[in-house]
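Novice: Dropping in coords26.cif, with mmCIF, C-alpha atoms and all ligand atoms.
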```cif
data_model
#
loop_
_atom_site.label_atom_id
_atom_site.label_comp_id
_atom_site.auth_asym_id
_atom_site.auth_seq_id
_atom_site.Cartn_x
_atom_site.Cartn_y
_atom_site.Cartn_z
CA MET B 1 -10.74 -28.37 38.75
CA PRO B 2 -8.72 -30.71 36.53
CA GLU B 3 -9.24 -34.36 37.42
CA GLY B 4 -6.92 -37.26 36.69
CA ASP B 5 -8.02 -37.60 33.07
CA THR B 6 -7.09 -33.97 32.29
CA ILE B 7 -3.65 -34.36 33.81
CA PHE B 8 -3.16 -37.64 31.95
CA ARG B 9 -3.95 -35.98 28.61
CA SER B 10 -1.65 -33.05 29.40
CA ALA B 11 1.19 -35.42 30.30
CA ARG B 12 0.68 -37.44 27.12
CA THR B 13 0.74 -34.30 24.96
CA LEU B 14 3.84 -32.97 26.70
CA ASP B 15 5.56 -36.34 26.47
CA ARG B 16 4.96 -36.57 22.73
CA ALA B 17 6.26 -33.04 22.16
CA LEU B 18 9.21 -33.08 24.52
CA ALA B 19 10.51 -36.57 25.28
CA GLY B 20 14.04 -37.11 24.02
CA LYS B 21 14.53 -33.38 23.36
CA VAL B 22 17.24 -31.20 24.88
CA VAL B 23 16.25 -28.21 27.02
CA THR B 24 17.49 -24.99 25.41
CA GLY B 25 16.06 -22.57 27.95
CA PHE B 26 14.24 -22.39 31.25
CA ARG B 27 12.36 -19.49 32.86
CA SER B 28 10.08 -19.26 35.84
CA GLU B 29 8.32 -16.74 38.06
CA TYR B 30 9.19 -18.91 41.04
CA ALA B 31 12.45 -18.04 42.78
CA LEU B 32 13.02 -21.58 44.01
CA LEU B 33 12.86 -22.92 40.45
CA THR B 34 15.17 -20.26 38.97
CA ARG B 35 17.62 -20.87 41.80
CA PHE B 36 17.68 -24.54 40.83
CA GLU B 37 18.36 -23.47 37.23
CA ASP B 38 21.20 -21.20 38.40
CA ASN B 39 22.81 -23.87 40.56
CA THR B 40 22.17 -27.03 38.54
CA PRO B 41 21.03 -25.89 35.09
CA LEU B 42 18.19 -27.69 33.40
CA THR B 43 19.37 -26.16 30.15
CA GLY B 44 21.41 -28.79 28.33
CA ARG B 45 19.62 -31.72 29.95
CA THR B 46 17.34 -34.10 28.07
CA ILE B 47 13.64 -34.38 28.85
CA GLU B 48 13.29 -38.13 29.35
CA SER B 49 9.55 -38.43 29.84
CA VAL B 50 6.44 -36.73 31.12
CA GLU B 51 3.90 -38.71 33.13
CA ALA B 52 0.78 -38.24 35.23
CA ARG B 53 0.46 -39.72 38.67
CA GLY B 54 -3.09 -39.12 39.93
CA LYS B 55 -3.51 -35.36 39.66
CA TRP B 56 0.25 -34.72 39.68
CA LEU B 57 2.32 -34.13 36.56
CA LEU B 58 5.95 -35.26 36.53
CA MET B 59 8.60 -34.17 34.02
CA HIS B 60 11.68 -36.34 34.20
CA PHE B 61 15.00 -34.79 33.10
CA SER B 62 18.36 -36.48 32.68
CA GLU B 63 20.71 -36.51 35.68
CA ASP B 64 17.91 -37.18 38.17
CA ALA B 65 15.86 -34.01 38.09
CA ILE B 66 12.07 -34.20 38.25
CA LEU B 67 9.83 -31.16 37.88
CA VAL B 68 6.67 -31.94 39.82
CA THR B 69 3.60 -29.78 39.27
CA HIS B 70 0.03 -29.81 40.58
CA MET B 71 -2.66 -27.77 38.83
CA LEU B 72 -5.05 -27.37 41.80
CA MET B 73 -7.97 -25.24 40.52
CA ASN B 74 -6.70 -23.31 37.50
CA GLY B 75 -3.27 -24.51 36.45
CA SER B 76 -2.55 -25.83 32.97
CA TRP B 77 0.33 -26.73 30.65
CA HIS B 78 0.35 -25.65 27.00
CA ILE B 79 2.64 -26.53 24.11
CA TYR B 80 3.65 -23.90 21.55
CA ARG B 81 5.99 -23.56 18.63
CA PRO B 82 8.54 -20.76 19.01
CA GLY B 83 6.84 -17.48 18.10
CA GLU B 84 3.34 -18.96 18.24
CA ARG B 85 0.72 -16.80 20.00
CA TRP B 86 -0.13 -18.00 23.53
CA GLN B 87 -3.75 -18.67 24.42
CA LYS B 88 -3.36 -17.23 27.89
CA PRO B 89 -1.94 -13.89 29.03
CA ARG B 90 1.75 -13.58 29.70
CA SER B 91 0.96 -12.55 33.28
CA ASP B 92 -0.39 -16.09 33.89
CA MET B 93 2.93 -17.65 32.86
CA ARG B 94 4.77 -19.37 35.71
CA ILE B 95 7.19 -21.74 33.96
CA VAL B 96 8.63 -21.97 30.44
CA ILE B 97 10.68 -24.94 29.25
CA GLU B 98 12.18 -24.42 25.79
CA THR B 99 13.45 -26.93 23.28
CA ALA B 100 14.57 -26.23 19.71
CA ALA B 101 11.16 -27.08 18.23
CA MET B 102 8.66 -26.53 21.05
CA LEU B 103 8.11 -24.74 24.29
CA ALA B 104 6.03 -25.90 27.20
CA VAL B 105 4.36 -23.12 29.20
CA GLY B 106 2.89 -23.69 32.64
CA PHE B 107 0.11 -21.16 33.31
CA ASN B 108 -1.06 -20.47 36.86
CA VAL B 109 0.58 -23.67 38.02
CA PRO B 110 0.35 -23.17 41.78
CA VAL B 111 2.57 -26.05 42.91
CA ALA B 112 5.92 -26.53 41.19
CA GLU B 113 8.99 -28.15 42.71
CA PHE B 114 12.21 -29.74 41.57
CA HIS B 115 12.99 -33.11 43.06
CA THR B 116 15.39 -36.00 42.79
CA ALA B 117 13.88 -39.48 42.76
CA HIS B 118 14.95 -39.71 46.39
CA SER B 119 13.40 -36.44 47.59
CA LEU B 120 10.19 -37.08 45.65
CA ALA B 121 9.73 -40.43 47.34
CA ARG B 122 9.74 -38.59 50.67
CA ARG B 123 7.59 -35.64 49.60
CA GLN B 124 4.45 -35.28 51.71
CA GLY B 125 1.20 -35.71 49.82
CA PHE B 126 3.05 -37.60 47.14
CA ASN B 127 4.69 -40.38 49.08
CA ARG B 128 1.32 -41.73 50.21
CA LEU B 129 -0.51 -41.40 46.91
CA GLY B 130 -2.91 -44.29 46.34
CA PRO B 131 -3.13 -46.40 43.16
CA ALA B 132 -3.94 -44.31 40.06
CA PRO B 133 -6.54 -45.94 37.77
CA LEU B 134 -4.85 -44.52 34.66
CA ALA B 135 -1.42 -45.90 35.55
CA ALA B 136 -0.22 -48.84 33.49
CA ASP B 137 0.52 -50.73 36.71
CA PHE B 138 -2.80 -49.86 38.40
CA ASP B 139 -3.48 -52.20 41.30
CA ALA B 140 -7.27 -52.49 41.67
CA GLU B 141 -6.92 -54.83 44.64
CA ALA B 142 -4.85 -52.24 46.50
CA ALA B 143 -7.43 -49.54 45.76
CA ILE B 144 -10.23 -51.79 47.05
CA ALA B 145 -8.23 -52.60 50.18
CA ASN B 146 -7.48 -48.90 50.74
CA LEU B 147 -11.17 -47.99 50.54
CA ALA B 148 -12.13 -50.89 52.80
CA SER B 149 -9.59 -49.68 55.36
CA ARG B 150 -11.72 -46.56 55.96
CA PRO B 151 -15.15 -48.02 56.82
CA ASP B 152 -16.36 -44.85 58.59
CA LEU B 153 -15.72 -42.57 55.60
CA GLU B 154 -18.62 -41.57 53.35
CA LEU B 155 -18.24 -42.95 49.84
CA GLY B 156 -18.28 -39.47 48.28
CA LEU B 157 -15.35 -38.43 50.45
CA ALA B 158 -13.44 -41.70 50.16
CA LEU B 159 -13.35 -41.37 46.37
CA LEU B 160 -11.73 -37.94 46.72
CA ASP B 161 -9.06 -39.13 49.15
CA GLN B 162 -5.95 -39.30 46.95
CA LYS B 163 -4.26 -41.60 49.47
CA LEU B 164 -6.91 -44.26 48.80
CA ILE B 165 -7.31 -43.93 45.03
CA ALA B 166 -5.61 -41.17 43.02
CA GLY B 167 -7.11 -39.12 40.24
CA LEU B 168 -10.80 -38.59 40.99
CA GLY B 169 -12.29 -35.16 41.67
CA ASN B 170 -15.79 -33.85 42.36
CA VAL B 171 -17.30 -34.69 38.98
CA PHE B 172 -16.13 -38.30 38.70
CA LYS B 173 -16.92 -38.92 42.36
CA SER B 174 -20.65 -38.20 41.86
CA GLU B 175 -20.76 -39.94 38.48
CA VAL B 176 -19.14 -43.14 39.75
CA ALA B 177 -21.51 -43.35 42.73
CA PHE B 178 -24.50 -42.94 40.40
CA ALA B 179 -23.29 -45.53 37.91
CA CYS B 180 -22.86 -48.02 40.77
CA GLY B 181 -26.30 -47.19 42.24
CA LEU B 182 -24.71 -46.19 45.54
CA ASN B 183 -25.68 -43.23 47.69
CA PRO B 184 -22.54 -41.07 48.11
CA PHE B 185 -23.40 -40.46 51.78
CA ARG B 186 -23.21 -44.17 52.66
CA THR B 187 -20.17 -45.08 54.64
CA VAL B 188 -17.68 -47.36 52.94
CA GLY B 189 -18.21 -49.94 55.67
CA THR B 190 -21.79 -50.56 54.47
CA LEU B 191 -20.59 -51.60 51.00
CA SER B 192 -20.10 -55.22 50.00
CA ARG B 193 -16.89 -56.49 48.49
CA GLY B 194 -18.67 -56.66 45.11
CA GLN B 195 -19.84 -53.05 45.41
CA LEU B 196 -16.30 -51.88 46.18
CA GLU B 197 -15.03 -53.80 43.15
CA SER B 198 -17.67 -52.13 41.04
CA VAL B 199 -16.76 -48.66 42.35
CA VAL B 200 -13.09 -49.11 41.51
CA ALA B 201 -13.78 -50.66 38.10
CA THR B 202 -16.23 -47.87 37.22
CA ALA B 203 -13.78 -45.16 38.32
CA ARG B 204 -11.18 -46.68 36.02
CA LYS B 205 -13.63 -47.08 33.14
CA PHE B 206 -14.80 -43.45 33.32
CA LEU B 207 -11.25 -42.08 33.57
CA GLN B 208 -10.07 -44.25 30.69
CA ALA B 209 -13.02 -43.23 28.50
CA ASN B 210 -11.89 -39.65 28.92
CA VAL B 211 -8.31 -40.19 27.81
CA THR B 212 -8.98 -41.90 24.49
CA GLU B 213 -7.58 -39.95 21.56
CA ASN B 214 -10.91 -38.42 20.53
CA SER B 215 -12.30 -37.80 23.99
CA GLY B 216 -11.82 -34.03 23.87
CA ASP B 217 -11.45 -32.00 27.01
CA ARG B 218 -14.80 -32.65 28.66
CA ILE B 219 -15.67 -35.26 31.22
CA VAL B 220 -18.17 -37.63 29.65
CA THR B 221 -19.90 -40.43 31.53
CA PHE B 222 -23.40 -40.25 30.04
CA VAL B 223 -23.69 -40.63 26.27
CA PRO B 224 -27.15 -39.87 24.91
CA HIS B 225 -28.37 -42.26 22.21
CA ARG B 226 -29.41 -39.43 19.95
CA ARG B 227 -27.51 -36.22 19.72
CA THR B 228 -29.84 -33.81 18.01
CA THR B 229 -29.20 -30.62 19.95
CA GLY B 230 -25.57 -30.23 18.99
CA ARG B 231 -25.10 -28.68 22.41
CA THR B 232 -21.79 -29.16 24.14
CA ASP B 233 -22.54 -27.98 27.67
CA VAL B 234 -21.38 -30.21 30.47
CA GLU B 235 -24.89 -31.27 31.46
CA GLU B 236 -25.32 -33.16 28.21
CA ASN B 237 -22.53 -35.54 29.20
CA LEU B 238 -23.11 -36.33 32.84
CA TRP B 239 -25.55 -38.44 34.82
CA VAL B 240 -25.93 -36.33 37.95
CA TYR B 241 -23.06 -33.88 38.52
CA GLY B 242 -24.29 -30.28 38.24
CA ARG B 243 -27.88 -31.45 37.57
CA ALA B 244 -29.58 -30.71 40.92
CA GLY B 245 -33.35 -30.41 40.45
CA LYS B 246 -33.23 -31.86 36.94
CA PRO B 247 -34.84 -35.23 36.20
CA CYS B 248 -32.69 -38.32 36.70
CA ARG B 249 -31.81 -39.76 33.29
CA ARG B 250 -32.91 -43.24 34.45
CA CYS B 251 -36.04 -42.64 36.55
CA ALA B 252 -36.93 -38.92 36.13
CA THR B 253 -36.81 -38.24 39.89
CA PRO B 254 -35.23 -34.83 40.54
CA VAL B 255 -31.49 -35.12 41.16
CA ARG B 256 -30.42 -33.90 44.59
CA SER B 257 -27.26 -32.26 45.85
CA ALA B 258 -25.92 -31.80 49.37
CA LYS B 259 -22.68 -31.07 51.11
CA HIS B 260 -20.78 -33.71 53.04
CA ARG B 261 -20.68 -32.65 56.66
CA ALA B 262 -17.01 -33.49 57.10
CA ASP B 263 -15.58 -31.14 54.48
CA GLY B 264 -18.40 -29.23 52.80
CA ARG B 265 -17.86 -30.70 49.35
CA ILE B 266 -20.96 -31.36 47.28
CA SER B 267 -22.25 -34.68 46.01
CA PHE B 268 -25.04 -35.05 43.46
CA TRP B 269 -27.26 -38.15 43.48
CA CYS B 270 -30.64 -39.58 42.54
CA PRO B 271 -32.64 -40.43 45.69
CA VAL B 272 -34.34 -43.35 43.92
CA CYS B 273 -31.51 -44.91 41.90
CA GLN B 274 -29.12 -44.40 44.81
CA ALA B 275 -31.45 -45.00 47.75
ZN ZN Y 301 -32.92 -42.12 39.25
#
```
Mind turning the file's structure into structure tokens?
Ligand SMILES: [Zn+2]
Specialist:
Amino acid sequence: MPEGDTIFRSARTLDRALAGKVVTGFRSEYALLTRFEDNTPLTGRTIESVEARGKWLLMHFSEDAILVTHMLMNGSWHIYRPGERWQKPRSDMRIVIETAAMLAVGFNVPVAEFHTAHSLARRQGFNRLGPAPLAADFDAEAAIANLASRPDLELGLALLDQKLIAGLGNVFKSEVAFACGLNPFRTVGTLSRGQLESVVATARKFLQANVTENSGDRIVTFVPHRRTTGRTDVEENLWVYGRAGKPCRRCATPVRSAKHRADGRISFWCPVCQA
């Protein structure tokens, strides 16, 4: 599942390719989107900017139109030159936005809606989005206060609650808890102010490290000192996520995994480093 860093990189790529360009064509498999195009054509408008907000991707067009998409499990946006071969099958195409030089193709994008600034501000799930660590105006204090406002919630679940802090998914959630030495099954109410600060700062640091220009597409939180294997599998880059039964990279105790009772999502942790 794409986390906030993936969406951020997609938005940056789309913004560089499309911002300031005029839409020359629009197609979609979604009737609601094509109806919008029929009634209030996107074609002829300018793409003003593309931005990420947590795990949401927003394309802003002139005359107050915003295409809002959410990738959920499998969605992705690609950029192609006209005539260039697509890397995914045509049957996965849901949205195509054409400009003279480039086209943006949304594959398997499960949530796609047109909004005005006004309707977006009222859209459920979006209107209560918490501070996004990758946003230029990220408010760490607000994120800390949001987490502190849910003392009964387990840390591993609180970090996934997009209303509290926006952009973390399953991988970052486990990695942040490990880096802070906190058991993901502790309730937020047992954490000190300093521990909450550390959680928010670490979440931001990990997300930011994954959106630098050379960060590639993989989530990286653990960087081995020596890279001799040349392997690129995900386990080389992470402290605990996906490593159940393998030795902790700090203390060699086997990493554990378990589901949170409230929603069945899995956290990975070291029982010694995160006692
Ligand atoms: Zn350990």
Novice: So that each row is one residue of chain B with an atom at most 9 Å from ligand ZN 301 (chain Y), can you give its shortest atom pair and the distance in Å to one decimal, using all atoms listed in the file, rows by chain and rising number, as a Markdown table?
Specialist:
```
| residue | atom | partner | partner_atom | distance |
| --- | --- | --- | --- | --- |
| B:Phe178 | CA | Y:ZN301 | ZN | 8.5 |
| B:Gly181 | CA | Y:ZN301 | ZN | 8.9 |
| B:Pro247 | CA | Y:ZN301 | ZN | 7.8 |
| B:Cys248 | CA | Y:ZN301 | ZN | 4.6 |
| B:Arg249 | CA | Y:ZN301 | ZN | 6.5 |
| B:Arg250 | CA | Y:ZN301 | ZN | 4.9 |
| B:Cys251 | CA | Y:ZN301 | ZN | 4.2 |
| B:Ala252 | CA | Y:ZN301 | ZN | 6.0 |
| B:Thr253 | CA | Y:ZN301 | ZN | 5.5 |
| B:Pro254 | CA | Y:ZN301 | ZN | 7.8 |
| B:Val255 | CA | Y:ZN301 | ZN | 7.4 |
| B:Trp269 | CA | Y:ZN301 | ZN | 8.1 |
| B:Cys270 | CA | Y:ZN301 | ZN | 4.7 |
| B:Pro271 | CA | Y:ZN301 | ZN | 6.7 |
| B:Val272 | CA | Y:ZN301 | ZN | 5.0 |
| B:Cys273 | CA | Y:ZN301 | ZN | 4.1 |
| B:Gln274 | CA | Y:ZN301 | ZN | 7.1 |
```
Novice: Ranking B:Glu3, B:Ile97, B:Lys21, B:Leu155 by minimum distance to B:Leu42 and counting all atoms listed in the file, which one comes first?
Specialist: B:Ile97
Novice: Just want the 12 Å neighbourhood of B:Leu238, counted on all atoms listed in the file, with same-chain residues fewer than 5 positions away dropped. Output as a ChimeraX atom specification.
Specialist: /B:171-176,178-179,206,218-224,232-233,243-244,246,248-249,255,268-269
Novice: In terms of the shortest atom-to-atom distance over only C-alpha atoms, which of B:Gly189, B:Pro131, B:Pro151, B:Pro2 is closest to B:Trp77?
Specialist: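 Result for the nearest residue to B:Trp77: B:Pro2.
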Novice: Need the shell around stretch 62-66 of chain B: protein/DNA/RNA residues with any atom at most 8 Å away, counting all atoms listed in the file. Skip same-chain ones fewer than 6 positions apart. Format as a list in words?
Specialist: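 Answer for this query is Arg45, Thr46, Ile47, Glu48, Phe114, His115, Thr116 and Ala117 of chain B.
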Novice: Do a neighbour search on B:Asp263 at 12 Å with all atoms listed in the file, toss out local chain neighbours closer than 3 positions, and write the hits as a PyMOL selection string.
Specialist: chain B and resi 153-154+156-158+160-161+258-260+266-267
Novice: Measuring atom to atom with only C-alpha atoms, identify which of B:Arg204, B:His78, B:Arg186, B:Arg256 is nearest to B:Leu168.
Specialist: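 Ranking B:Arg204, B:His78, B:Arg186, B:Arg256 by distance to B:Leu168, first place goes to B:Arg204.
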Novice: Skipping near chain neighbours, those fewer than 2 positions away, what residues fall within 9 Å of B:Thr99 using all atoms listed in the file, listed as a PyMOL selection string?
Specialist: chain B and resi 18+21-25+82+97+101-104
Novice: Those selected residues, please, written with C-alpha atoms and delivered as a PDB file, in the coordinates of the input.
Specialist:
```
ATOM      1  CA  LEU B  18       9.210 -33.080  24.520  1.00  0.00           C
ATOM      2  CA  LYS B  21      14.530 -33.380  23.360  1.00  0.00           C
ATOM      3  CA  VAL B  22      17.240 -31.200  24.880  1.00  0.00           C
ATOM      4  CA  VAL B  23      16.250 -28.210  27.020  1.00  0.00           C
ATOM      5  CA  THR B  24      17.490 -24.990  25.410  1.00  0.00           C
ATOM      6  CA  GLY B  25      16.060 -22.570  27.950  1.00  0.00           C
ATOM      7  CA  PRO B  82       8.540 -20.760  19.010  1.00  0.00           C
ATOM      8  CA  ILE B  97      10.680 -24.940  29.250  1.00  0.00           C
ATOM      9  CA  ALA B 101      11.160 -27.080  18.230  1.00  0.00           C
ATOM     10  CA  MET B 102       8.660 -26.530  21.050  1.00  0.00           C
ATOM     11  CA  LEU B 103       8.110 -24.740  24.290  1.00  0.00           C
ATOM     12  CA  ALA B 104       6.030 -25.900  27.200  1.00  0.00           C
TER      13      ALA B 104
END
```
Novice: Please measure the separation of atom CA of B:Glu29 and atom CA of B:Asp5, giving the value in Å to one decimal.
Specialist: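 Separating atom CA of B:Glu29 from atom CA of B:Asp5 is a distance of 27.0 Å.
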Novice: What is the distance between atom CA of B:Asn146 and atom CA of B:Leu207, in Å to one decimal?
Specialist: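 Rounded to one decimal, the two atoms are 18.9 Å apart.
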Novice: For a test of reading the model, state the distance in Å between atom CA of B:Lys88 and atom CA of B:Thr43, rounded to one decimal.
Specialist: 24.5 Å
Novice: Which is closest to B:Thr190 among B:Arg123, B:Arg150, B:Lys205, B:Arg90, if we use only C-alpha atoms?
Specialist: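 Of all the options, B:Arg150 lies closest to B:Thr190.
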Novice: Any idea what's packed within 10 Å of B:Thr6, counting all atoms listed in the file, ignoring anything in its chain fewer than 6 positions away? Could you give it as a ChimeraX atom specification?
Specialist: /B:12,52,55,76,167,207,210-211,216-219
Novice: Counting all atoms listed in the file, figure out which residue out of B:Val199, B:Val96, B:Ala166, B:Leu191 gets nearest to B:Arg128.
Specialist: B:Ala166
Novice: If you take every atom of stretch 192-211 of chain B that the file lists and fit an axis-aligned box around them with 3 Å extra on each side, what centre and edge lengths come out in Å to one decimal, as lines of an AutoDock Vina configuration file?
Specialist:
```
center_x = -14.2
center_y = -48.2
center_z = 38.9
size_x = 17.8
size_y = 23.0
size_z = 28.2
```
